[in-house]
Amino acid sequence: MNTRRDETRKKMLTAASAGFRAHGYAGIGVDGIANAAGVTSGAFYAHLKSKDLAFAAALEIGLDEVLDGIRLFRGEHGAKWLEAFANYYLGKPHRADLSCGCAMASLSPEVARGQGDLHQAYADRMNQIVDRIADGLAGGDYVGRRARAWAFLTGLIGGLTMARAVGEDGPAEEIAAAVRNAALVAAGPAR
């Protein structure tokens, strides 16, 4: 049973996740996160302790969403899951929605600037994501499938970042199409 405290914490984590994805770590403060969650800054500190811990929790939530998404795409699309995932990932709705978009594209630069345990936590989660992708690839040995999974994933992340950066009036569709095709070639066959 969810208590009011649990519900408040969940609202704050949702607000933190959306805020960090849309504005970056430096672009949103505790007050902005608290306001978005409909709570006071004091409540923020009582639940999440610090902006750094809120960021770490938001990152974990975002990367878990990717893990869940891969599982869902594999379940819904079978051997066509890679294509469906790439289409979604580089599609216009996902490109346009920074606050709900992929934590890998939005938060990786923030992790690179971060310190301490954040790097290891990020690396651990990214390895889980790559393992889940590699499990959905056909042919070759585990090491080869992981290499193809990294190529697929980093291609999508870079492509999404570039397509967002040029804006929808720029060559976003051209970038998305080119990256989608290259990522699928790099990944090889799915199962």
# chains A, B, ... in the order shown; residues from 1 in each chain; ligands from 1
>>> closest_atom_pairs(of="segment 57-169 of chain A", to="segment 173-177 of chain A", cutoff="9 Å", atoms="only C-alpha atoms", output="Markdown table")
| residue | atom | partner | partner_atom | distance |
| --- | --- | --- | --- | --- |
| A:Asn87 | CA | A:Ala176 | CA | 8.7 |
| A:Leu90 | CA | A:Ala176 | CA | 5.5 |
| A:Gly91 | CA | A:Ala176 | CA | 7.4 |
| A:Lys92 | CA | A:Glu173 | CA | 8.0 |
| A:Leu156 | CA | A:Ala176 | CA | 8.5 |
| A:Gly159 | CA | A:Ala176 | CA | 6.2 |
| A:Leu160 | CA | A:Ala176 | CA | 7.1 |
| A:Met162 | CA | A:Ile175 | CA | 7.3 |
| A:Ala163 | CA | A:Ile175 | CA | 5.9 |
| A:Glu168 | CA | A:Glu173 | CA | 7.6 |
>>> residues_around(residues="Ile33 of chain A", least_positions_apart="5", cutoff="10 Å", atoms="only C-alpha atoms", output="list of chain:residue names")
A:Lys11, A:Met12, A:Leu13, A:Thr14, A:Ala15, A:Ala16, A:Ser17, A:Ala18, A:Gly19, A:Phe20, A:Ile28, A:Gly38, A:Val39, A:Thr40, A:Ser41, A:Phe44, A:Lys51, A:Ala54
>>> write_last_selection(atoms="all heavy atoms", output="short mmCIF file (atom, residue, chain, number, x, y, z; two decimals), in the first residue's frame")
data_model
loop_
_atom_site.label_atom_id
_atom_site.label_comp_id
_atom_site.auth_asym_id
_atom_site.auth_seq_id
_atom_site.Cartn_x
_atom_site.Cartn_y
_atom_site.Cartn_z
N LYS A 11 6.23 11.60 -6.81
CA LYS A 11 5.98 12.85 -7.55
C LYS A 11 7.27 13.65 -7.70
O LYS A 11 7.54 14.21 -8.76
CB LYS A 11 4.92 13.69 -6.82
CG LYS A 11 3.51 13.23 -7.04
CD LYS A 11 2.44 13.98 -6.30
CE LYS A 11 2.72 15.39 -5.94
NZ LYS A 11 1.63 16.06 -5.20
N MET A 12 8.07 13.69 -6.64
CA MET A 12 9.33 14.44 -6.71
C MET A 12 10.32 13.78 -7.67
O MET A 12 11.01 14.47 -8.41
CB MET A 12 9.92 14.60 -5.32
CG MET A 12 9.20 15.65 -4.50
SD MET A 12 10.04 16.02 -2.96
CE MET A 12 9.54 14.62 -2.00
N LEU A 13 10.40 12.46 -7.64
CA LEU A 13 11.30 11.77 -8.56
C LEU A 13 10.86 11.94 -10.01
O LEU A 13 11.70 12.10 -10.90
CB LEU A 13 11.40 10.28 -8.19
CG LEU A 13 12.19 9.99 -6.93
CD1 LEU A 13 12.06 8.52 -6.55
CD2 LEU A 13 13.65 10.39 -7.08
N THR A 14 9.56 11.91 -10.23
CA THR A 14 9.05 12.15 -11.59
C THR A 14 9.40 13.56 -12.05
O THR A 14 9.85 13.77 -13.18
CB THR A 14 7.52 11.92 -11.62
OG1 THR A 14 7.25 10.56 -11.25
CG2 THR A 14 6.94 12.22 -12.99
N ALA A 15 9.21 14.53 -11.16
CA ALA A 15 9.54 15.92 -11.49
C ALA A 15 11.05 16.09 -11.71
O ALA A 15 11.48 16.80 -12.62
CB ALA A 15 9.05 16.86 -10.40
N ALA A 16 11.85 15.44 -10.88
CA ALA A 16 13.31 15.53 -11.03
C ALA A 16 13.74 14.91 -12.35
O ALA A 16 14.56 15.49 -13.08
CB ALA A 16 14.00 14.84 -9.86
N SER A 17 13.20 13.76 -12.67
CA SER A 17 13.55 13.09 -13.91
C SER A 17 13.21 13.95 -15.12
O SER A 17 14.05 14.17 -16.00
CB SER A 17 12.82 11.74 -13.99
OG SER A 17 13.17 11.06 -15.15
N ALA A 18 12.00 14.48 -15.14
CA ALA A 18 11.59 15.34 -16.26
C ALA A 18 12.41 16.62 -16.30
O ALA A 18 12.84 17.06 -17.38
CB ALA A 18 10.10 15.67 -16.14
N GLY A 19 12.66 17.21 -15.16
CA GLY A 19 13.42 18.46 -15.11
C GLY A 19 14.86 18.30 -15.56
O GLY A 19 15.37 19.11 -16.34
N PHE A 20 15.53 17.26 -15.08
CA PHE A 20 16.91 17.04 -15.48
C PHE A 20 17.01 16.70 -16.96
O PHE A 20 17.93 17.14 -17.65
CB PHE A 20 17.56 15.92 -14.65
CG PHE A 20 17.84 16.31 -13.22
CD1 PHE A 20 17.45 15.48 -12.18
CD2 PHE A 20 18.49 17.49 -12.90
CE1 PHE A 20 17.71 15.82 -10.86
CE2 PHE A 20 18.76 17.85 -11.59
CZ PHE A 20 18.37 17.00 -10.56
N ILE A 28 18.14 23.25 -13.82
CA ILE A 28 17.01 23.20 -12.89
C ILE A 28 17.55 23.02 -11.48
O ILE A 28 18.52 22.29 -11.26
CB ILE A 28 16.00 22.09 -13.24
CG1 ILE A 28 14.74 22.24 -12.40
CG2 ILE A 28 16.61 20.71 -13.11
CD1 ILE A 28 13.54 21.52 -12.94
N GLY A 38 4.87 20.06 -6.86
CA GLY A 38 3.83 20.61 -6.00
C GLY A 38 4.13 20.47 -4.53
O GLY A 38 3.22 20.33 -3.71
N VAL A 39 5.43 20.53 -4.20
CA VAL A 39 5.85 20.43 -2.80
C VAL A 39 6.79 21.59 -2.47
O VAL A 39 7.20 22.33 -3.36
CB VAL A 39 6.55 19.07 -2.50
CG1 VAL A 39 5.63 17.90 -2.81
CG2 VAL A 39 7.86 18.94 -3.27
N THR A 40 7.15 21.70 -1.23
CA THR A 40 8.09 22.74 -0.81
C THR A 40 9.52 22.23 -0.97
O THR A 40 9.77 21.02 -1.08
CB THR A 40 7.87 23.10 0.67
OG1 THR A 40 8.19 21.96 1.48
CG2 THR A 40 6.44 23.56 0.92
N SER A 41 10.45 23.15 -0.95
CA SER A 41 11.87 22.77 -1.00
C SER A 41 12.24 21.96 0.24
O SER A 41 13.07 21.05 0.17
CB SER A 41 12.75 24.01 -1.10
OG SER A 41 12.50 24.69 -2.30
N PHE A 44 11.37 18.50 -0.42
CA PHE A 44 12.36 17.92 -1.32
C PHE A 44 13.54 17.37 -0.52
O PHE A 44 13.94 16.22 -0.68
CB PHE A 44 12.86 18.96 -2.33
CG PHE A 44 14.00 18.49 -3.17
CD1 PHE A 44 13.76 17.90 -4.40
CD2 PHE A 44 15.32 18.61 -2.74
CE1 PHE A 44 14.81 17.44 -5.19
CE2 PHE A 44 16.37 18.16 -3.52
CZ PHE A 44 16.12 17.57 -4.74
N LYS A 51 20.31 17.61 -4.31
CA LYS A 51 20.13 17.63 -5.76
C LYS A 51 20.93 16.50 -6.40
O LYS A 51 20.45 15.85 -7.34
CB LYS A 51 20.57 19.00 -6.30
CG LYS A 51 20.35 19.16 -7.79
CD LYS A 51 20.75 20.56 -8.24
CE LYS A 51 20.68 20.71 -9.75
NZ LYS A 51 21.11 22.03 -10.19
N ALA A 54 19.06 13.31 -5.97
CA ALA A 54 17.88 13.35 -6.83
C ALA A 54 18.28 13.04 -8.27
O ALA A 54 17.59 12.29 -8.97
CB ALA A 54 17.19 14.70 -6.76
#
>>> closest_residue(among="A:Ala151, A:Ile157, A:Ala187, A:Ala178", to="His94 of chain A", atoms="only C-alpha atoms")
A:Ile157
>>> closest_residue(among="A:Lys10, A:Arg5, A:Arg95, A:Lys80", to="Ala22 of chain A", atoms="only C-alpha atoms")
A:Arg95
>>> closest_residue(among="A:Met126, A:Val143, A:Val179, A:Ala172", to="Val66 of chain A", atoms="only C-alpha atoms")
A:Met126
>>> atom_distance(atom1="atom CA of Ala121 of chain A", atom2="atom CA of Leu72 of chain A")
23.3 Å
>>> residues_around(residues="Leu137 of chain A", least_positions_apart="5", cutoff="7 Å", atoms="only C-alpha atoms", output="MDAnalysis selection string")
chainID A and resid 145 189:191
>>> write_last_selection(atoms="N, CA and C atoms", output="PDB file, in the first residue's frame")
ATOM      1  N   ARG A 145      28.030 -10.144 -30.112  1.00  0.00           N
ATOM      2  CA  ARG A 145      26.694  -9.551 -29.970  1.00  0.00           C
ATOM      3  C   ARG A 145      26.746  -8.299 -29.099  1.00  0.00           C
ATOM      4  N   PRO A 189      21.235  -9.064 -37.481  1.00  0.00           N
ATOM      5  CA  PRO A 189      19.916  -9.691 -37.323  1.00  0.00           C
ATOM      6  C   PRO A 189      19.491  -9.798 -35.849  1.00  0.00           C
ATOM      7  N   ALA A 190      18.196  -9.682 -35.651  1.00  0.00           N
ATOM      8  CA  ALA A 190      17.612  -9.820 -34.317  1.00  0.00           C
ATOM      9  C   ALA A 190      16.945 -11.177 -34.204  1.00  0.00           C
ATOM     10  N   ARG A 191      16.633 -11.510 -32.975  1.00  0.00           N
ATOM     11  CA  ARG A 191      15.851 -12.746 -32.767  1.00  0.00           C
ATOM     12  C   ARG A 191      14.694 -12.459 -31.852  1.00  0.00           C
TER      13      ARG A 191
END
>>> select_by_dssp(residues="segment 10-106 of chain A", states="alpha helix (DSSP H)", output="number ranges by chain")
A: 10-23, 30-37, 41-48, 51-77, 81-90, 92-96, 103-106
>>> closest_residue(among="A:Ala84, A:Leu53, A:Leu63, A:Val185", to="Gly116 of chain A", atoms="only C-alpha atoms")
A:Leu53
